[in-house]
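S.K.: Please find input35.cif (mmCIF, C-alpha atoms and all ligand atoms) on the next line:
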```
data_run
#
loop_
_atom_site.label_atom_id
_atom_site.label_comp_id
_atom_site.auth_asym_id
_atom_site.auth_seq_id
_atom_site.Cartn_x
_atom_site.Cartn_y
_atom_site.Cartn_z
CA MET A 1 117.22 141.34 61.90
CA ALA A 2 119.91 139.12 63.40
CA GLN A 3 120.74 141.78 65.95
CA GLU A 4 117.15 141.90 67.09
CA VAL A 5 117.19 138.13 67.82
CA PHE A 6 120.51 138.46 69.65
CA ASP A 7 119.00 141.21 71.79
CA ARG A 8 115.98 139.09 72.67
CA VAL A 9 118.18 136.28 73.94
CA ALA A 10 120.35 138.69 75.87
CA ALA A 11 117.24 140.19 77.48
CA LEU A 12 116.02 136.74 78.49
CA LEU A 13 119.41 135.89 79.97
CA GLU A 14 119.31 139.07 82.01
CA GLU A 15 115.80 138.32 83.14
CA ILE A 16 116.81 134.81 84.24
CA GLU A 17 119.84 135.97 86.14
CA GLY A 18 117.88 138.61 87.98
CA ALA A 19 114.96 136.35 88.86
CA THR A 20 113.92 135.97 92.49
CA ALA A 21 111.18 133.95 94.15
CA GLU A 22 109.54 134.21 97.52
CA THR A 23 107.09 131.35 97.32
CA ALA A 24 107.04 127.84 95.98
CA GLU A 25 104.47 129.01 93.42
CA GLN A 26 106.92 131.57 92.07
CA VAL A 27 109.62 128.93 91.74
CA GLU A 28 107.16 126.78 89.84
CA ALA A 29 106.21 129.68 87.59
CA PHE A 30 109.92 130.19 86.85
CA ARG A 31 110.29 126.51 85.97
CA ILE A 32 107.32 126.56 83.62
CA ARG A 33 108.51 129.74 81.86
CA TYR A 34 112.15 128.78 81.30
CA LEU A 35 112.31 124.99 81.62
CA GLY A 36 108.78 123.68 80.99
CA SER A 37 107.72 121.85 77.86
CA LYS A 38 106.59 125.13 76.23
CA ASN A 39 109.35 127.34 77.62
CA VAL A 40 110.29 130.66 76.10
CA LEU A 41 113.77 129.50 75.09
CA LYS A 42 112.50 126.78 72.78
CA PRO A 43 111.53 128.92 69.77
CA LEU A 44 114.99 130.56 69.76
CA MET A 45 116.64 127.63 68.04
CA GLY A 46 114.15 128.07 65.22
CA GLU A 47 115.57 131.58 64.72
CA MET A 48 118.89 130.02 63.69
CA ARG A 49 117.91 130.21 60.04
CA ASN A 50 117.66 134.04 60.26
CA ILE A 51 121.20 134.30 61.55
CA PRO A 52 124.05 134.81 59.07
CA ASN A 53 126.34 131.80 58.87
CA GLU A 54 129.36 133.47 60.44
CA GLN A 55 127.26 134.38 63.49
CA LYS A 56 125.59 130.98 63.93
CA PRO A 57 128.19 129.53 66.37
CA GLU A 58 128.02 132.63 68.54
CA PHE A 59 124.25 132.52 68.57
CA GLY A 60 124.16 128.82 69.46
CA GLN A 61 126.50 129.44 72.38
CA LEU A 62 124.39 132.28 73.67
CA VAL A 63 121.21 130.18 73.56
CA ASN A 64 122.96 127.32 75.40
CA LYS A 65 124.32 129.67 77.98
CA THR A 66 120.83 131.00 78.56
CA LYS A 67 119.40 127.49 78.99
CA GLN A 68 122.12 126.58 81.46
CA ALA A 69 121.53 129.81 83.36
CA ALA A 70 117.84 128.93 83.59
CA GLN A 71 118.63 125.49 85.04
CA ALA A 72 121.20 126.90 87.47
CA LYS A 73 118.82 129.60 88.64
CA PHE A 74 116.03 127.14 89.11
CA ASP A 75 118.27 124.87 91.22
CA ALA A 76 119.36 127.84 93.33
CA LEU A 77 115.79 129.05 93.87
CA GLN A 78 114.68 125.58 94.90
CA GLU A 79 117.52 125.19 97.31
CA SER A 80 116.92 128.50 99.02
CA MET A 81 113.22 127.57 99.25
CA ALA A 82 114.04 124.31 101.06
CA ALA A 83 116.47 126.08 103.39
CA SER A 84 113.97 128.72 104.40
CA ALA A 85 111.29 126.06 104.93
CA GLY A 86 113.67 124.42 107.42
CA ALA A 87 114.37 127.68 109.20
CA ASP A 88 110.67 128.42 109.41
CA ALA A 89 109.71 125.00 110.74
CA GLY A 90 110.33 126.02 114.35
CA ALA A 91 108.13 129.05 114.03
CA ARG A 92 105.34 127.08 112.38
CA PHE A 93 105.32 124.28 114.98
CA ASP A 94 102.11 124.69 116.94
CA LEU A 95 102.74 123.67 120.51
CA THR A 96 99.06 123.89 121.36
CA ALA A 97 97.99 121.38 118.67
CA PRO A 98 96.58 118.12 120.10
CA GLY A 99 99.09 115.24 120.04
CA GLU A 100 98.98 112.17 117.84
CA PRO A 101 97.24 109.43 119.80
CA LEU A 102 99.60 106.60 120.81
CA PRO A 103 97.67 103.35 120.54
CA LEU A 104 97.90 101.65 123.91
CA GLY A 105 97.75 97.87 124.19
CA SER A 106 95.55 96.09 126.69
CA ARG A 107 96.05 93.03 128.79
CA HIS A 108 94.93 89.59 127.75
CA PRO A 109 91.82 88.36 129.59
CA ILE A 110 93.85 85.48 131.04
CA ALA A 111 96.41 87.94 132.41
CA LEU A 112 93.66 90.18 133.79
CA THR A 113 92.01 87.26 135.56
CA MET A 114 95.29 85.90 136.84
CA ARG A 115 96.32 89.27 138.25
CA ARG A 116 92.97 89.66 139.91
CA ILE A 117 93.24 86.25 141.60
CA ILE A 118 96.83 86.96 142.67
CA ALA A 119 95.85 90.36 144.12
CA ILE A 120 93.11 88.80 146.24
CA PHE A 121 95.49 86.30 147.81
CA GLU A 122 98.36 88.74 148.17
CA ARG A 123 96.16 90.96 150.30
CA ILE A 124 95.79 88.11 152.81
CA GLY A 125 99.46 87.26 153.03
CA PHE A 126 100.16 84.83 150.19
CA THR A 127 103.25 85.34 148.05
CA VAL A 128 103.76 84.27 144.47
CA ALA A 129 105.90 81.20 143.75
CA GLU A 130 106.89 79.78 140.39
CA GLY A 131 108.14 76.54 138.92
CA PRO A 132 109.19 75.25 135.49
CA GLU A 133 106.72 74.27 132.80
CA VAL A 134 108.98 71.42 131.71
CA GLU A 135 108.90 69.38 134.87
CA ASP A 136 110.16 66.03 136.07
CA ASP A 137 107.91 63.17 137.05
CA TRP A 138 108.89 63.49 140.71
CA HIS A 139 107.52 67.00 141.24
CA ASN A 140 104.50 66.58 138.99
CA PHE A 141 103.42 63.11 140.14
CA SER A 142 105.46 61.06 142.61
CA ALA A 143 106.05 63.72 145.25
CA MET A 144 102.39 64.57 144.93
CA ASN A 145 101.50 61.02 145.94
CA THR A 146 100.17 60.04 142.52
CA PRO A 147 100.25 56.23 142.30
CA GLU A 148 102.33 54.56 139.60
CA ASP A 149 99.31 53.29 137.78
CA HIS A 150 97.34 56.55 137.98
CA PRO A 151 95.70 57.29 134.63
CA ALA A 152 97.00 60.89 134.67
CA ARG A 153 100.51 59.51 134.07
CA ASP A 154 99.32 57.92 130.88
CA MET A 155 100.77 59.20 127.61
CA GLN A 156 97.19 59.78 126.56
CA ASP A 157 96.92 62.49 129.19
CA THR A 158 100.44 63.80 129.69
CA TYR A 159 102.94 65.18 127.21
CA TYR A 160 106.31 63.55 127.85
CA VAL A 161 109.21 65.47 126.35
CA ALA A 162 111.98 62.85 126.18
CA ASP A 163 111.36 60.01 123.76
CA GLY A 164 110.51 56.41 124.53
CA LEU A 165 109.57 56.98 128.14
CA PRO A 166 107.02 54.58 129.51
CA ALA A 167 104.00 55.84 131.33
CA GLY A 168 104.30 55.16 135.02
CA ALA A 169 106.63 56.12 137.82
CA ASN A 170 110.05 57.08 136.62
CA ASN A 171 111.10 60.00 138.71
CA THR A 172 113.46 61.42 136.13
CA ALA A 173 111.06 61.31 133.18
CA MET A 174 110.52 64.81 131.82
CA LEU A 175 107.09 66.12 130.95
CA LEU A 176 105.05 69.27 130.47
CA ARG A 177 103.50 69.84 133.88
CA THR A 178 99.88 68.80 134.02
CA HIS A 179 99.06 71.05 136.96
CA THR A 180 100.65 73.77 139.07
CA SER A 181 100.62 71.37 142.03
CA SER A 182 104.23 70.62 141.09
CA VAL A 183 105.09 74.05 142.53
CA GLN A 184 103.76 72.84 145.90
CA ALA A 185 106.41 70.11 145.90
CA ARG A 186 109.16 72.48 144.76
CA THR A 187 108.31 75.07 147.39
CA MET A 188 108.04 72.62 150.28
CA GLU A 189 111.30 70.84 149.49
CA HIS A 190 113.32 74.01 149.98
CA SER A 191 111.44 75.79 152.74
CA GLN A 192 109.89 75.08 156.12
CA PRO A 193 106.50 76.22 157.44
CA PRO A 194 104.88 78.59 157.73
CA ILE A 195 104.46 78.44 153.94
CA ARG A 196 101.80 80.52 152.25
CA ILE A 197 102.11 80.70 148.48
CA ILE A 198 100.11 81.00 145.32
CA ALA A 199 101.57 79.69 142.07
CA PRO A 200 100.12 80.94 138.79
CA GLY A 201 101.24 79.39 135.54
CA ARG A 202 100.67 77.46 132.36
CA VAL A 203 99.90 73.75 132.32
CA TYR A 204 99.47 71.17 129.56
CA ARG A 205 97.26 68.16 129.02
CA ASN A 206 96.82 65.91 126.06
CA GLU A 207 93.23 66.94 125.44
CA THR A 208 91.20 67.23 122.30
CA ILE A 209 90.78 70.93 121.67
CA SER A 210 87.18 72.11 121.76
CA ALA A 211 85.13 75.12 122.84
CA ARG A 212 85.41 73.97 126.46
CA SER A 213 88.89 72.47 126.76
CA HIS A 214 92.34 73.15 125.43
CA ALA A 215 95.67 71.31 125.53
CA GLN A 216 97.28 74.31 127.21
CA PHE A 217 95.69 76.39 129.91
CA HIS A 218 96.53 78.23 133.13
CA GLN A 219 96.04 77.47 136.78
CA VAL A 220 96.57 79.20 140.08
CA GLU A 221 97.68 76.93 142.90
CA GLY A 222 97.43 77.81 146.56
CA LEU A 223 99.27 76.22 149.50
CA TYR A 224 99.23 77.01 153.19
CA VAL A 225 101.25 74.87 155.59
CA ALA A 226 101.73 75.72 159.25
CA GLU A 227 100.86 74.38 162.71
CA LYS A 228 97.18 73.69 163.32
CA VAL A 229 95.90 74.60 159.88
CA SER A 230 92.38 73.24 159.61
CA PHE A 231 89.76 72.50 157.00
CA ALA A 232 87.78 75.41 158.48
CA ASP A 233 90.70 77.77 157.69
CA MET A 234 90.60 76.57 154.12
CA LYS A 235 86.87 77.03 153.84
CA ALA A 236 87.00 80.58 155.26
CA THR A 237 89.84 81.54 152.92
CA LEU A 238 88.09 80.15 149.86
CA LEU A 239 84.82 81.84 150.81
CA HIS A 240 86.72 85.11 151.10
CA PHE A 241 88.24 84.51 147.67
CA ALA A 242 84.88 83.71 146.07
CA ARG A 243 83.35 86.89 147.46
CA GLU A 244 86.23 89.10 146.37
CA MET A 245 86.11 87.55 142.93
CA TYR A 246 82.40 87.22 142.25
CA GLY A 247 80.75 89.67 144.63
CA ASP A 248 80.25 89.85 148.39
CA LYS A 249 76.97 87.91 148.40
CA THR A 250 78.50 84.89 146.65
CA LYS A 251 77.58 81.53 148.18
CA ILE A 252 79.88 78.53 148.03
CA ARG A 253 79.53 74.81 148.64
CA LEU A 254 82.18 72.13 149.06
CA ARG A 255 81.54 68.69 147.57
CA PRO A 256 83.63 65.66 148.54
CA SER A 257 86.08 64.74 145.80
CA TYR A 258 89.34 62.94 145.30
CA PHE A 259 92.90 64.06 144.54
CA PRO A 260 95.95 61.90 145.30
CA PHE A 261 97.68 64.80 147.08
CA THR A 262 94.90 65.94 149.43
CA GLU A 263 92.90 64.14 152.08
CA PRO A 264 90.11 64.90 152.51
CA SER A 265 89.56 66.48 149.10
CA ALA A 266 86.77 68.68 147.85
CA GLU A 267 85.55 70.64 144.90
CA MET A 268 84.18 74.10 145.44
CA ASP A 269 81.13 75.41 143.63
CA ILE A 270 79.78 78.94 143.65
CA TRP A 271 76.08 79.69 143.41
CA TRP A 272 75.65 81.14 139.95
CA GLY A 273 71.89 81.26 139.81
CA LEU A 274 69.33 80.03 137.34
CA GLU A 275 67.89 83.18 135.89
CA THR A 276 68.65 82.90 132.23
CA GLU A 277 68.90 80.14 129.71
CA HIS A 278 72.65 80.81 129.69
CA ASP A 279 72.75 80.11 133.46
CA TYR A 280 70.99 76.78 132.87
CA ARG A 281 73.47 75.86 130.20
CA ILE A 282 76.66 76.68 132.06
CA THR A 283 75.51 75.17 135.37
CA LYS A 284 73.94 72.14 133.70
CA GLY A 285 70.64 73.08 135.29
CA THR A 286 71.91 73.04 138.89
CA GLY A 287 72.67 76.74 139.40
CA TRP A 288 76.07 75.73 140.88
CA LEU A 289 79.37 76.19 139.08
CA GLU A 290 82.52 74.31 139.98
CA ILE A 291 85.48 76.65 140.22
CA LEU A 292 88.27 74.84 142.05
CA GLY A 293 89.67 71.69 143.63
CA CYS A 294 91.03 71.72 147.17
CA GLY A 295 91.76 69.72 150.29
CA MET A 296 94.05 69.14 153.24
CA VAL A 297 97.59 68.36 152.09
CA ASP A 298 98.06 64.60 152.36
CA PRO A 299 100.59 63.79 155.13
CA LYS A 300 102.41 61.62 152.61
CA VAL A 301 103.04 64.71 150.44
CA LEU A 302 104.45 66.65 153.41
CA GLU A 303 106.73 63.74 154.17
CA ASN A 304 107.86 63.40 150.53
CA CYS A 305 108.87 67.06 150.60
CA GLY A 306 110.72 67.01 153.91
CA ILE A 307 108.06 68.51 156.17
CA ASP A 308 107.11 66.84 159.45
CA PRO A 309 103.49 65.69 159.11
CA GLU A 310 103.23 65.16 162.87
CA ARG A 311 103.84 68.79 163.51
CA TYR A 312 102.36 70.55 160.48
CA THR A 313 99.16 70.45 158.53
CA GLY A 314 98.12 72.41 155.49
CA TYR A 315 95.58 72.99 152.81
CA ALA A 316 95.96 73.37 149.08
CA PHE A 317 93.74 74.41 146.21
CA GLY A 318 93.99 74.78 142.47
CA MET A 319 91.84 76.47 139.88
CA GLY A 320 91.75 76.90 136.13
CA ILE A 321 92.12 80.52 135.07
CA GLU A 322 90.45 80.27 131.67
CA ARG A 323 87.33 79.00 133.32
CA GLN A 324 87.19 81.99 135.64
CA ALA A 325 87.98 84.35 132.77
CA MET A 326 85.14 82.84 130.74
CA LEU A 327 82.76 83.42 133.64
CA LEU A 328 83.93 86.95 134.32
CA TYR A 329 83.86 88.10 130.71
CA ASN A 330 81.13 85.90 129.28
CA ILE A 331 83.46 84.17 126.83
CA THR A 332 81.85 81.10 125.33
CA ASP A 333 84.77 79.49 123.50
CA ILE A 334 88.11 78.84 125.22
CA ARG A 335 89.92 78.75 121.85
CA LEU A 336 89.41 82.50 121.44
CA MET A 337 91.89 82.98 124.25
CA PHE A 338 94.69 81.30 122.34
CA GLU A 339 94.08 82.62 118.84
CA ASN A 340 94.94 86.21 119.75
CA ASP A 341 92.71 87.78 117.15
CA VAL A 342 92.96 91.54 117.84
CA ARG A 343 89.21 91.92 117.36
CA PHE A 344 88.83 89.73 120.42
CA LEU A 345 91.71 91.18 122.41
CA LYS A 346 90.68 94.79 121.78
CA GLN A 347 87.53 94.25 123.81
CA PHE A 348 89.48 94.03 127.06
CA LYS A 349 90.14 97.66 127.77
CA SER A 350 91.69 97.40 131.19
CA VAL A 351 95.44 97.83 131.34
CA LEU A 352 95.74 97.15 135.08
N1 LIG B 401 95.84 69.91 140.78
C1 LIG B 401 94.41 69.77 140.78
C2 LIG B 401 93.92 69.83 139.32
O1 LIG B 401 94.69 70.13 138.44
C3 LIG B 401 93.74 70.87 141.57
C4 LIG B 401 94.06 70.81 143.01
C5 LIG B 401 95.11 71.53 143.54
C6 LIG B 401 93.27 70.05 143.87
C7 LIG B 401 95.39 71.48 144.89
C8 LIG B 401 93.56 70.00 145.21
C9 LIG B 401 94.60 70.73 145.71
O2 LIG B 401 92.77 69.55 139.02
#
```
Mind converting the file's structure to structure tokens?

M.R.:
Amino acid sequence: MAQEVFDRVAALLEEIEGATAETAEQVEAFRIRYLGSKNVLKPLMGEMRNIPNEQKPEFGQLVNKTKQAAQAKFDALQESMAASAGADAGARFDLTAPGEPLPLGSRHPIALTMRRIIAIFERIGFTVAEGPEVEDDWHNFSAMNTPEDHPARDMQDTYYVADGLPAGANNTAMLLRTHTSSVQARTMEHSQPPIRIIAPGRVYRNETISARSHAQFHQVEGLYVAEKVSFADMKATLLHFAREMYGDKTKIRLRPSYFPFTEPSAEMDIWWGLETEHDYRITKGTGWLEILGCGMVDPKVLENCGIDPERYTGYAFGMGIERQAMLLYNITDIRLMFENDVRFLKQFKSVL
């Protein structure tokens, strides 16, 4: 009786030691049979009562040895499984399978518009110039012929960065530039004509934020200074720009305006049309849309920046980029451009 139980355990031990597995399923079957909650070794301990006392220790040792063998075998089978999976990986790698798509970002509509404007002017010989966003009063206002009592200098309109600075001329006061015209002054003070630059960048004004205006926005400035530059040159250049930007049939008109740094000054409108209710709304019923300010550089500005106004003349212009972006992409709320909600950004597919 006892011998028969001993033989059963010995047979199981032999079985365990000789076990092999070729698949993960076979390893799992091994685990269930010898180590699972209803494994075949479990009932053996119950046989203890049929074993004569003097043989009990020997029997217990044999059962334990068998259990340990089962665990060791299982570990070995698992390990060899993992190793062969690794060796096989190369063979199973399908080189013809389609790749994982890499999500590609897209450019912000402000960047797209800015690059488009820059490209138009670069093709006709303008180069890009830059200046700081934290600017001094001189380059933002005084050099640009802005009178001491000009309302733009007011704290209500301009963000001053150092504390306690009074509104009004103080050439060293620091501020967030209110326009890219400051780059005109910076460029002219360290170079001589011919000068032909465009200056894209961010500007700041103390405005109440609404669907139409924001306290930060972007401009592109243009400046051309050389001998015999005329108002007609400016008009031809701006007409070319308008047609490249909005289509080759685009009509423009120049309305007299005022800027401290240009004389004469003008604002340029493009003919937008009055076909839809939307057209009525954005052109306030006129069909014309204002897109930029411009004029002949005031001789006083040339002088302030070390350029001989007797010898040279020039024109300058400046435009808001958000406004153009809103026109190009039919965006009705400027705030969308600063919130950076991906649902908005994703709609601009171009990556150019
Ligand atoms: N700086 C002006 C503005 O911010 C635009 C402008 C630039 C006008 C150059 C004339 C010449 O509105």

S.K.: Taking into account only C-alpha atoms and all ligand atoms, which residue in the set A:Cys305, A:Ala21, A:Val183, A:Met81 is nearest to ligand LIG 401 (chain B)?

M.R.: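 Among A:Cys305, A:Ala21, A:Val183, A:Met81, it is A:Val183 that comes nearest to ligand LIG 401 (chain B).
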
S.K.: Show me which residues are within 10 Å of ligand LIG 401 (chain B) counting all atoms listed in the file, and format the list as a PyMOL selection string.

M.R.: chain A and resi 140+144+177-182+184+203+205+218-223+257-267+292-298+315-320

S.K.: Looking at only C-alpha atoms, which of A:Ala82, A:Val342, A:Ala236, A:Met337 is the one that sits closest to Leu254 of chain A?

M.R.: A:Ala236

S.K.: Given all atoms listed in the file as the basis, pick out the residue of A:Ala119, A:Ala85, A:Met48, A:Ala111 nearest to Leu345 of chain A.

M.R.: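 Answer, going by the shortest atom-to-atom distance: A:Ala111.
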
S.K.: In Å, rounded to a single decimal, give me how far atom CA of Val5 of chain A is from atom CA of Gln55 of chain A.

M.R.: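 The value is 11.6 Å.
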
S.K.: With distances taken over all atoms listed in the file, which residue among A:Lys67, A:Arg153, A:Arg311, A:His240 lies nearest Asn206 of chain A?

M.R.: A:Arg153

S.K.: Would you mind telling me which residue in A:Met268, A:Ile334, A:Leu238, A:Leu274 lies nearest to Ile291 of chain A when using all atoms listed in the file?

M.R.: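 Among the listed residues, the smallest separation from Ile291 of chain A belongs to A:Met268.
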
S.K.: Can you work out which one of A:Phe241, A:Trp138, A:Tyr159, A:Phe6 has the shortest atom-to-atom distance to Glu207 of chain A, counting all atoms listed in the file?

M.R.: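 Checking each of A:Phe241, A:Trp138, A:Tyr159, A:Phe6 against Glu207 of chain A, counting all atoms listed in the file, the winner is A:Tyr159.
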
S.K.: Which value, in Å to one decimal, gives the distance between atom CA of Leu289 of chain A and atom CA of Ile120 of chain A?

M.R.: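 Pair atom CA of Leu289 of chain A / atom CA of Ile120 of chain A returns 20.0 Å.
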
S.K.: Please determine the residues with any atom at most 12 Å from (83.8, 82.8, 132.9) (coordinates as given in the file, with all atoms listed in the file counting) and report them as a PyMOL selection string.

M.R.: chain A and resi 109-110+113+212+245-246+272+278-279+282-283+289-291+320-334+337

S.K.: Show me, as a PyMOL selection string, the residues that have an atom within 8 Å of Leu12 of chain A when counting all atoms listed in the file, minus same-chain residues fewer than 4 positions from it.

M.R.: chain A and resi 8+16+66

S.K.: Could you please determine the separation between atom CA of Ala76 of chain A and atom CA of Tyr34 of chain A in Å, to one decimal place?

M.R.: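 Those two atoms sit 14.1 Å apart.
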
S.K.: Name all residues at most 12 Å from Gln26 of chain A (count all atoms listed in the file; drop same-chain ones fewer than 5 positions away) and give them as a ChimeraX atom specification.

M.R.: /A:19-21,31-33,74,77-78,81

S.K.: What box, with edges along x, y and z, holds each listed atom of segment 318-327 of chain A when 4 Å is added on every side, and can you state its centre and edge lengths in Å to one decimal, as AutoDock Vina command-line options?

M.R.:
```
--center_x 88.4 --center_y 79.6 --center_z 136.6 --size_x 19.2 --size_y 17.6 --size_z 19.7
```
